>>> print(open('target04.txt').read())   # compact mmCIF, C-alpha atoms
# COMPACT_ATOMS: atom_id res chain seq x y z
CA GLY A 1 80.71 175.37 225.46
CA ASP A 2 78.62 174.44 228.52
CA ASP A 3 77.74 171.01 227.10
CA PRO A 4 79.53 168.50 229.36
CA GLY A 5 80.19 166.32 226.31
CA ALA A 6 81.84 169.16 224.42
CA THR A 7 85.41 168.72 223.24
CA ASP A 8 88.20 171.28 223.18
CA GLU A 9 87.30 171.92 219.56
CA ASP A 10 84.37 174.03 220.80
CA ALA A 11 86.79 176.38 222.53
CA GLY A 12 88.04 177.58 219.15
CA PRO A 13 91.52 177.33 217.65
CA VAL A 14 94.56 176.88 219.90
CA MET A 15 96.38 180.20 220.22
CA SER A 16 98.64 182.09 222.61
CA ALA A 17 99.13 185.82 223.21
CA GLU A 18 102.00 187.96 224.44
CA ILE A 19 102.06 191.73 225.05
CA VAL A 20 105.05 193.43 223.39
CA GLN A 21 106.01 196.99 222.48
CA LEU A 22 107.98 198.17 219.45
CA ARG A 23 109.81 201.49 219.35
CA ARG A 24 107.17 203.29 217.29
CA ASP A 25 104.44 202.03 219.65
CA GLN A 26 105.80 204.05 222.58
CA VAL A 27 105.02 207.40 220.97
CA LEU A 28 101.59 206.16 219.88
CA GLU A 29 100.74 204.99 223.41
CA ARG A 30 99.99 201.47 222.34
CA VAL A 31 101.30 197.93 222.59
CA GLU A 32 101.18 194.97 220.22
CA VAL A 33 99.30 191.79 220.98
CA SER A 34 101.56 189.12 219.56
CA LEU A 35 99.20 186.27 218.60
CA HIS A 36 100.62 182.85 217.86
CA ASN A 37 98.40 180.46 215.91
CA ARG A 38 99.13 176.97 217.26
CA SER A 39 96.32 175.31 215.33
CA GLY A 40 96.74 173.49 212.04
CA GLU A 41 94.82 175.99 209.88
CA PRO A 42 94.67 179.73 209.27
CA VAL A 43 92.70 181.77 211.81
CA MET A 44 90.90 185.02 210.98
CA VAL A 45 90.74 187.51 213.86
CA GLU A 46 87.55 189.60 213.61
CA ARG A 47 87.70 191.49 216.88
CA LEU A 48 90.21 192.29 219.63
CA ARG A 49 89.86 193.60 223.16
CA VAL A 50 92.47 193.59 225.90
CA ASP A 51 91.58 193.86 229.59
CA MET A 52 94.45 195.45 231.47
CA PRO A 53 93.75 195.91 235.19
CA GLY A 54 95.23 199.27 236.20
CA PHE A 55 94.26 200.81 232.83
CA ARG A 56 90.81 202.22 232.03
CA PRO A 57 88.76 199.85 229.83
CA VAL A 58 88.89 200.46 226.08
CA PRO A 59 86.12 199.18 223.77
CA PRO A 60 86.87 196.30 221.37
CA VAL A 61 88.23 197.08 217.92
CA ALA A 62 87.21 195.36 214.70
CA LYS A 63 90.02 193.53 212.92
CA ASP A 64 90.33 191.64 209.66
CA SER A 65 93.59 189.87 210.40
CA PRO A 66 94.48 186.42 209.04
CA ILE A 67 97.10 184.41 210.94
CA ALA A 68 98.52 181.44 209.02
CA ALA A 69 98.97 178.11 210.79
CA GLY A 70 102.05 178.13 213.02
CA LEU A 71 102.72 181.83 212.51
CA THR A 72 102.68 184.86 214.83
CA VAL A 73 101.08 188.20 213.97
CA ASN A 74 101.27 191.46 215.97
CA LEU A 75 98.01 193.38 216.32
CA PRO A 76 98.28 196.94 217.71
CA TRP A 77 96.27 197.86 220.81
CA THR A 78 95.99 201.46 222.04
CA TYR A 79 95.81 201.14 225.79
CA GLY A 80 94.20 204.39 226.92
CA ASP A 81 94.42 205.93 230.37
CA VAL A 82 96.30 204.52 233.31
CA ARG A 83 94.45 204.69 236.64
CA CYS A 84 97.22 206.63 238.41
CA ARG A 85 97.00 207.10 242.18
CA PRO A 86 97.98 210.50 243.61
CA ASP A 87 101.43 209.28 244.64
CA ARG A 88 102.16 206.24 242.48
CA ALA A 89 101.11 203.95 239.66
CA PRO A 90 98.42 201.29 240.07
CA ASP A 91 99.36 197.64 240.52
CA VAL A 92 98.80 196.31 237.03
CA GLY A 93 97.10 192.92 236.99
CA PRO A 94 97.56 190.19 234.37
CA ALA A 95 96.24 191.18 230.93
CA VAL A 96 93.45 189.14 229.34
CA VAL A 97 93.07 189.06 225.55
CA HIS A 98 89.56 188.61 224.13
CA LEU A 99 89.30 187.60 220.49
CA ARG A 100 86.49 186.83 218.09
CA VAL A 101 87.83 184.48 215.42
CA HIS A 102 86.75 182.09 212.70
CA THR A 103 88.45 179.47 210.55
CA ALA A 104 87.65 177.87 207.19
CA SER A 105 86.56 174.66 208.92
CA ARG A 106 84.46 176.66 211.41
CA PRO A 107 83.12 179.75 209.64
CA GLU A 108 80.85 180.61 212.61
CA PRO A 109 82.73 183.16 214.77
CA VAL A 110 83.80 182.00 218.24
CA ASP A 111 85.05 184.03 221.20
CA VAL A 112 88.45 183.05 222.52
CA THR A 113 89.95 184.31 225.79
CA LEU A 114 93.72 184.08 226.27
CA PRO A 115 96.08 185.18 229.03
CA GLY A 116 98.15 188.10 227.73
CA GLN A 117 101.62 186.94 228.69
CA ASP A 118 103.86 189.76 229.86
CA PRO A 119 107.06 188.10 231.08
CA ASP A 120 109.04 191.36 231.27
CA GLY A 121 106.41 193.32 233.22
CA LEU A 122 105.97 195.71 230.29
CA LEU A 123 102.50 196.94 231.32
CA GLN A 124 103.63 197.75 234.85
CA ARG A 125 106.58 199.71 233.43
CA ILE A 126 104.25 201.65 231.11
CA ALA A 127 101.97 202.47 234.06
CA ASP A 128 104.91 203.49 236.27
CA ARG A 129 106.28 205.78 233.57
CA THR A 130 102.89 207.32 232.68
CA CYS A 131 102.07 208.10 236.30
CA LEU A 132 105.53 209.54 236.93
CA VAL A 133 105.13 211.90 233.95
CA GLU A 134 101.66 212.86 235.23
CA ARG A 135 103.04 213.55 238.71
CA VAL A 136 105.99 215.61 237.44
CA GLY A 137 103.55 217.54 235.23
CA ARG A 138 101.67 218.49 238.40
CA GLU A 139 104.87 219.40 240.29
CA VAL A 140 106.13 221.82 237.62
CA SER A 141 103.93 223.89 235.31
CA LEU A 142 105.48 224.65 231.92
CA ARG A 143 104.18 226.96 229.22
CA PHE A 144 105.53 229.20 226.49
CA GLU A 145 105.19 232.94 226.84
CA ASP A 146 102.87 234.31 224.14
CA THR A 147 105.43 236.71 222.65
CA TRP A 148 107.82 235.34 220.02
CA THR A 149 110.26 237.29 217.83
CA LEU A 150 110.92 236.19 214.25
CA GLY A 151 114.58 236.24 213.25
CA ARG A 152 117.15 234.46 211.10
CA ASP A 153 119.82 232.00 212.15
CA GLN A 154 122.19 230.25 209.69
CA GLY A 155 120.01 231.35 206.79
CA ARG A 156 116.76 229.98 208.16
CA LYS A 157 113.76 231.54 209.85
CA VAL A 158 113.75 231.09 213.61
CA LEU A 159 111.59 232.22 216.51
CA HIS A 160 113.02 233.54 219.77
CA GLY A 161 110.79 232.94 222.76
CA THR A 162 110.61 232.04 226.43
CA LEU A 163 109.62 228.88 228.27
CA LEU A 164 108.07 229.73 231.64
CA ALA A 165 108.67 227.13 234.36
CA ARG A 166 107.03 227.25 237.76
CA LEU A 167 107.40 224.93 240.75
CA GLU A 168 103.97 223.81 242.02
CA GLY A 169 105.21 221.17 244.46
CA ALA A 170 107.29 221.39 247.63
CA GLU A 171 110.47 219.67 246.35
CA PRO A 172 113.16 221.38 244.21
CA ARG A 173 113.14 220.45 240.53
CA ASP A 174 115.59 221.10 237.68
CA VAL A 175 114.69 221.76 234.06
CA SER A 176 117.56 220.07 232.23
CA GLU A 177 116.75 219.91 228.53
CA VAL A 178 114.25 220.92 225.83
CA ALA A 179 113.46 219.23 222.52
CA GLY A 180 111.22 219.86 219.55
CA ALA A 181 108.18 218.08 218.23
CA VAL A 182 108.47 216.38 214.82
CA MET A 183 107.77 219.45 212.69
CA TYR A 184 109.34 222.04 214.95
CA GLY A 185 112.78 222.02 216.52
CA LEU A 186 113.33 223.59 219.93
CA VAL A 187 116.71 224.42 221.50
CA PRO A 188 117.98 226.71 224.27
CA ASP A 189 118.45 230.17 222.73
CA GLU A 190 122.20 230.78 222.75
CA SER A 191 121.79 234.29 221.35
CA ALA A 192 120.46 235.15 224.83
CA GLY A 193 123.91 234.42 226.34
CA THR A 194 125.55 231.32 227.77
CA THR A 195 123.17 228.41 228.28
CA PRO A 196 123.10 227.44 231.96
CA ASP A 197 123.22 223.81 233.05
CA PRO A 198 120.61 222.96 234.22
CA LEU A 199 118.47 225.35 232.18
CA ALA A 200 116.54 226.23 235.35
CA SER A 201 116.69 225.31 239.03
CA LEU A 202 113.31 225.65 240.71
CA THR A 203 113.17 225.78 244.51
CA PRO A 204 110.42 226.76 246.97
CA ASP A 205 112.37 230.01 247.53
CA ALA A 206 112.77 230.72 243.79
CA PRO A 207 109.86 228.83 242.23
CA ALA A 208 109.72 230.57 238.82
CA ALA A 209 112.19 230.65 235.92
CA ARG A 210 112.37 231.98 232.37
CA VAL A 211 114.24 229.81 229.87
CA PRO A 212 115.11 231.53 226.55
CA VAL A 213 114.37 229.12 223.67
CA MET A 214 114.63 229.13 219.88
CA ALA A 215 112.16 227.31 217.62
CA TYR A 216 112.65 226.48 213.93
CA ALA A 217 111.19 224.26 211.20
CA ALA A 218 112.60 220.74 211.63
CA ARG A 219 110.59 218.70 209.10
CA CYS A 220 108.26 220.94 207.14
CA ASP A 221 107.32 218.74 204.18
CA GLY A 222 103.90 217.65 202.93
CA HIS A 223 104.33 214.07 204.11
CA THR A 224 105.18 215.10 207.68
CA LYS A 225 102.28 217.56 207.77
CA GLY A 226 99.92 214.84 206.58
CA GLU A 227 101.11 212.27 209.12
CA ILE A 228 101.49 214.42 212.20
CA LYS A 229 98.94 213.96 214.97
CA LYS A 230 100.38 216.29 217.62
CA PRO A 231 102.43 219.03 215.93
CA PHE A 232 102.95 221.02 219.14
CA GLU A 233 104.05 218.25 221.46
CA PHE A 234 107.36 219.69 222.65
CA LEU A 235 109.35 217.96 225.38
CA VAL A 236 110.94 219.40 228.50
CA TRP A 237 112.98 217.20 230.85
CA VAL A 238 112.33 217.75 234.54
CA GLY A 239 113.69 215.93 237.58
CA PRO A 240 115.08 216.29 241.10
CA PRO A 241 118.43 218.18 241.20
CA GLY A 242 121.28 215.93 240.08
CA ASP A 243 118.90 213.22 238.82
CA ASP A 244 120.42 211.47 235.81
CA GLU A 245 117.01 210.17 234.66
CA PRO A 246 114.73 213.19 234.37
CA VAL A 247 111.24 212.76 232.91
CA ALA A 248 110.07 214.34 229.65
CA VAL A 249 106.84 216.31 230.04
CA THR A 250 104.98 218.40 227.46
CA PRO A 251 104.61 222.14 228.07
CA GLU A 252 101.36 223.98 227.47
CA VAL A 253 101.24 225.60 224.01
CA GLY A 254 98.85 228.54 223.72
CA GLU A 255 97.14 229.83 220.56
CA ALA A 256 99.60 232.74 220.25
CA THR A 257 102.51 230.28 220.18
CA LYS A 258 100.78 228.08 217.58
CA LEU A 259 100.22 231.15 215.43
CA ALA A 260 103.88 232.19 215.79
CA LEU A 261 105.13 228.70 214.90
CA ARG A 262 103.17 228.80 211.64
CA GLN A 263 105.52 231.59 210.56
CA VAL A 264 108.40 229.10 210.36
CA CYS A 265 106.35 226.12 209.11
CA ALA A 266 102.82 226.81 207.94
CA PHE A 267 100.20 224.07 207.84
>>> encode(input="target04.txt", output="structure tokens")
Amino acid sequence: GDDPGATDEDAGPVMSAEIVQLRRDQVLERVEVSLHNRSGEPVMVERLRVDMPGFRPVPPVAKDSPIAAGLTVNLPWTYGDVRCRPDRAPDVGPAVVHLRVHTASRPEPVDVTLPGQDPDGLLQRIADRTCLVERVGREVSLRFEDTWTLGRDQGRKVLHGTLLARLEGAEPRDVSEVAGAVMYGLVPDESAGTTPDPLASLTPDAPAARVPVMAYAARCDGHTKGEIKKPFEFLVWVGPPGDDEPVAVTPEVGEATKLALRQVCAF
């Protein structure tokens, strides 16, 4: 507190915080705040907010998370939008973790502010990646043509369609790979002939390409349908010619395509 005679006890329990990311967090666009309780008694976290310079502010979230003495607990934090510049990622500043906590010995909630340790530069990497994907998404527009044909392949229903790729920027870009979302698989359509490698080469002289694709039901069970947040989030890898680390961007999926896809997995 502001009382000059106050002891450290008034600052709340002794804790430390580190920003980490588990595999499943990447898809969910979140990180984990790994909170270590260094005090001698359990701490109850009531509220969490993380300030991440370079990311747009996100309001605090209510928590009801006990952390036993000496233990570490991961609390998820969805980080929201990165403040991308036109040509690069922002410089991400040090994260600051704001907690509201209470303990059995001090039931009145106190606010605790901790540095969010990020020894591996995780947040900068997330920002770099996000802004790169955003930039590539501006350089190449990707959408599915509205017309799909229902057919059968190896005893299952499939859809034959076309991915339309168009170069919007000045530099050549290759489309190297396609992949499905969770419910729907997506592969190059081999019934249309030999699959070229890369699937498409876009240049200022030949900026548009048609990539034949085949979609099918990948996981069409009740559980998947109940869990899925973004059923139409297909991935298309785009990069400079010869680049061995292309970036996965999501093509635009129109209503006609959504309607067609429901023929192979309805939900």
>>> closest_residue(input="target04.txt", among="A:Pro90, A:Val43, A:Asp81, A:Val264", to="Thr149 of chain A", atoms="all atoms listed in the file")
A:Val264
>>> closest_residue(input="target04.txt", among="A:Leu259, A:Ala217, A:Ile19, A:Ala181", to="Lys229 of chain A", atoms="only C-alpha atoms")
A:Ala181
>>> closest_residue(input="target04.txt", among="A:Gly137, A:Val82, A:Val238, A:Thr195", to="Arg125 of chain A", atoms="all atoms listed in the file")
A:Val82
>>> residues_near_point(input="target04.txt", point="(122.9, 229.4, 221.7)", cutoff="12 Å", atoms="all atoms listed in the file", output="number ranges by chain")
A: 153, 160, 186-196, 211-215
>>> write_last_selection(input="target04.txt", atoms="C-alpha atoms", output="mmCIF file, keeping the file's coordinate frame")
data_model
loop_
_atom_site.group_PDB
_atom_site.id
_atom_site.type_symbol
_atom_site.label_atom_id
_atom_site.label_comp_id
_atom_site.auth_asym_id
_atom_site.auth_seq_id
_atom_site.Cartn_x
_atom_site.Cartn_y
_atom_site.Cartn_z
ATOM 1 C CA ASP A 153 119.820 232.000 212.150
ATOM 2 C CA HIS A 160 113.020 233.540 219.770
ATOM 3 C CA LEU A 186 113.330 223.590 219.930
ATOM 4 C CA VAL A 187 116.710 224.420 221.500
ATOM 5 C CA PRO A 188 117.980 226.710 224.270
ATOM 6 C CA ASP A 189 118.450 230.170 222.730
ATOM 7 C CA GLU A 190 122.200 230.780 222.750
ATOM 8 C CA SER A 191 121.790 234.290 221.350
ATOM 9 C CA ALA A 192 120.460 235.150 224.830
ATOM 10 C CA GLY A 193 123.910 234.420 226.340
ATOM 11 C CA THR A 194 125.550 231.320 227.770
ATOM 12 C CA THR A 195 123.170 228.410 228.280
ATOM 13 C CA PRO A 196 123.100 227.440 231.960
ATOM 14 C CA VAL A 211 114.240 229.810 229.870
ATOM 15 C CA PRO A 212 115.110 231.530 226.550
ATOM 16 C CA VAL A 213 114.370 229.120 223.670
ATOM 17 C CA MET A 214 114.630 229.130 219.880
ATOM 18 C CA ALA A 215 112.160 227.310 217.620
#
>>> atom_distance(input="target04.txt", atom1="atom CA of Ala104 of chain A", atom2="atom CA of Gly70 of chain A")
15.5 Å
>>> closest_residue(input="target04.txt", among="A:Leu167, A:Cys131, A:Val97, A:Met44", to="Pro13 of chain A", atoms="all atoms listed in the file")
A:Met44
>>> closest_residue(input="target04.txt", among="A:Ser176, A:Leu202, A:Phe267, A:Pro207", to="Asp244 of chain A", atoms="only C-alpha atoms")
A:Ser176
>>> residues_around(input="target04.txt", residues="segment 27-34 of chain A", least_positions_apart="5", cutoff="10 Å", atoms="only C-alpha atoms", output="PyMOL selection string")
chain A and resi 16-22+48-50+72-81+97+116-117+122-123+126+130+229
>>> closest_residue(input="target04.txt", among="A:Leu71, A:Val14, A:Leu235, A:Ala260", to="Leu142 of chain A", atoms="all atoms listed in the file")
A:Leu235
>>> residues_around(input="target04.txt", residues="Phe234 of chain A", least_positions_apart="4", cutoff="12 Å", atoms="only C-alpha atoms", output="list in words")
Leu142, Arg143, Phe144, Leu163, Glu177, Val178, Ala179, Gly180, Ala181, Val182, Met183, Tyr184, Gly185, Leu186, Val187, Val213, Ala215, Lys230, Ala248, Val249, Thr250, Pro251, Glu252, Val253, Thr257 and Lys258 of chain A
>>> atom_distance(input="target04.txt", atom1="atom CA of Ala208 of chain A", atom2="atom CA of Ser141 of chain A")
9.5 Å
>>> atom_distance(input="target04.txt", atom1="atom CA of Ala165 of chain A", atom2="atom CA of Arg210 of chain A")
6.4 Å
>>> residues_around(input="target04.txt", residues="Gly93 of chain A", least_positions_apart="5", cutoff="12 Å", atoms="only C-alpha atoms", output="number ranges by chain")
A: 51-55, 115-118, 121-124, 127
>>> axis_aligned_box(input="target04.txt", around="segment 124-132 of chain A", padding_each_side="3 Å", output="lines of an AutoDock Vina configuration file")
center_x = 104.3
center_y = 203.6
center_z = 234.0
size_x = 10.6
size_y = 17.8
size_z = 11.8
>>> residues_around(input="target04.txt", residues="Ala68 of chain A", least_positions_apart="5", cutoff="7 Å", atoms="only C-alpha atoms", output="PyMOL selection string")
chain A and resi 37+41-43
>>> write_last_selection(input="target04.txt", atoms="C-alpha atoms", output="mmCIF file, in the frame of the given file")
data_model
loop_
_atom_site.group_PDB
_atom_site.id
_atom_site.type_symbol
_atom_site.label_atom_id
_atom_site.label_comp_id
_atom_site.auth_asym_id
_atom_site.auth_seq_id
_atom_site.Cartn_x
_atom_site.Cartn_y
_atom_site.Cartn_z
ATOM 1 C CA ASN A 37 98.400 180.460 215.910
ATOM 2 C CA GLU A 41 94.820 175.990 209.880
ATOM 3 C CA PRO A 42 94.670 179.730 209.270
ATOM 4 C CA VAL A 43 92.700 181.770 211.810
#
>>> decode(input="target04.txt", residues="segment 26-46 of chain A", atoms="N, CA, C and O atoms", output="CSV table (one decimal), in the first residue's frame")
chain,number,residue,atom,x,y,z
A,26,GLN,N,-2.0,-23.0,-29.8
A,26,GLN,CA,-1.6,-22.3,-31.0
A,26,GLN,C,-2.9,-22.1,-31.9
A,26,GLN,O,-3.1,-21.0,-32.3
A,27,VAL,N,-3.6,-23.2,-32.0
A,27,VAL,CA,-4.8,-23.1,-32.8
A,27,VAL,C,-5.9,-22.2,-32.2
A,27,VAL,O,-6.6,-21.5,-32.9
A,28,LEU,N,-5.9,-22.1,-30.9
A,28,LEU,CA,-6.9,-21.3,-30.2
A,28,LEU,C,-6.5,-19.9,-30.0
A,28,LEU,O,-7.2,-19.1,-29.4
A,29,GLU,N,-5.3,-19.5,-30.6
A,29,GLU,CA,-4.8,-18.2,-30.5
A,29,GLU,C,-4.8,-17.7,-29.0
A,29,GLU,O,-5.3,-16.7,-28.7
A,30,ARG,N,-4.1,-18.5,-28.2
A,30,ARG,CA,-4.0,-18.1,-26.8
A,30,ARG,C,-2.6,-18.6,-26.3
A,30,ARG,O,-1.9,-19.3,-27.0
A,31,VAL,N,-2.3,-18.1,-25.1
A,31,VAL,CA,-1.1,-18.5,-24.4
A,31,VAL,C,-1.6,-19.0,-23.0
A,31,VAL,O,-2.7,-18.9,-22.7
A,32,GLU,N,-0.6,-19.5,-22.2
A,32,GLU,CA,-0.9,-19.9,-20.8
A,32,GLU,C,-0.1,-19.0,-20.0
A,32,GLU,O,1.1,-18.7,-20.2
A,33,VAL,N,-0.7,-18.5,-18.9
A,33,VAL,CA,0.1,-17.7,-17.9
A,33,VAL,C,0.4,-18.7,-16.8
A,33,VAL,O,-0.5,-19.2,-16.1
A,34,SER,N,1.7,-19.1,-16.7
A,34,SER,CA,2.1,-20.1,-15.8
A,34,SER,C,2.4,-19.4,-14.5
A,34,SER,O,3.4,-18.7,-14.3
A,35,LEU,N,1.5,-19.6,-13.5
A,35,LEU,CA,1.6,-18.9,-12.2
A,35,LEU,C,2.2,-19.8,-11.2
A,35,LEU,O,1.7,-20.9,-10.9
A,36,HIS,N,3.3,-19.3,-10.6
A,36,HIS,CA,4.0,-20.1,-9.5
A,36,HIS,C,3.7,-19.4,-8.2
A,36,HIS,O,4.0,-18.3,-8.0
A,37,ASN,N,3.1,-20.2,-7.2
A,37,ASN,CA,2.8,-19.7,-5.9
A,37,ASN,C,3.9,-19.9,-5.0
A,37,ASN,O,4.2,-21.0,-4.5
A,38,ARG,N,4.7,-18.9,-4.7
A,38,ARG,CA,5.9,-19.0,-3.8
A,38,ARG,C,5.6,-18.7,-2.4
A,38,ARG,O,6.4,-18.8,-1.5
A,39,SER,N,4.3,-18.5,-2.1
A,39,SER,CA,3.9,-18.2,-0.7
A,39,SER,C,3.7,-19.5,0.1
A,39,SER,O,3.6,-20.5,-0.5
A,40,GLY,N,3.5,-19.4,1.4
A,40,GLY,CA,3.3,-20.6,2.2
A,40,GLY,C,1.9,-21.1,2.3
A,40,GLY,O,1.6,-22.0,3.1
A,41,GLU,N,1.0,-20.5,1.5
A,41,GLU,CA,-0.4,-21.0,1.6
A,41,GLU,C,-1.1,-20.9,0.3
A,41,GLU,O,-0.6,-20.2,-0.6
A,42,PRO,N,-2.2,-21.6,0.1
A,42,PRO,CA,-2.9,-21.6,-1.2
A,42,PRO,C,-3.4,-20.2,-1.5
A,42,PRO,O,-3.7,-19.4,-0.7
A,43,VAL,N,-3.3,-19.9,-2.8
A,43,VAL,CA,-3.8,-18.6,-3.3
A,43,VAL,C,-5.0,-18.8,-4.3
A,43,VAL,O,-4.9,-19.8,-5.1
A,44,MET,N,-6.0,-18.0,-4.2
A,44,MET,CA,-7.2,-18.2,-5.1
A,44,MET,C,-7.1,-17.0,-6.1
A,44,MET,O,-7.1,-15.8,-5.7
A,45,VAL,N,-7.0,-17.3,-7.4
A,45,VAL,CA,-7.0,-16.2,-8.4
A,45,VAL,C,-8.4,-16.0,-8.8
A,45,VAL,O,-9.1,-16.9,-9.2
A,46,GLU,N,-8.8,-14.7,-8.6
A,46,GLU,CA,-10.2,-14.3,-9.0
A,46,GLU,C,-10.3,-13.7,-10.3
A,46,GLU,O,-11.4,-13.7,-11.0
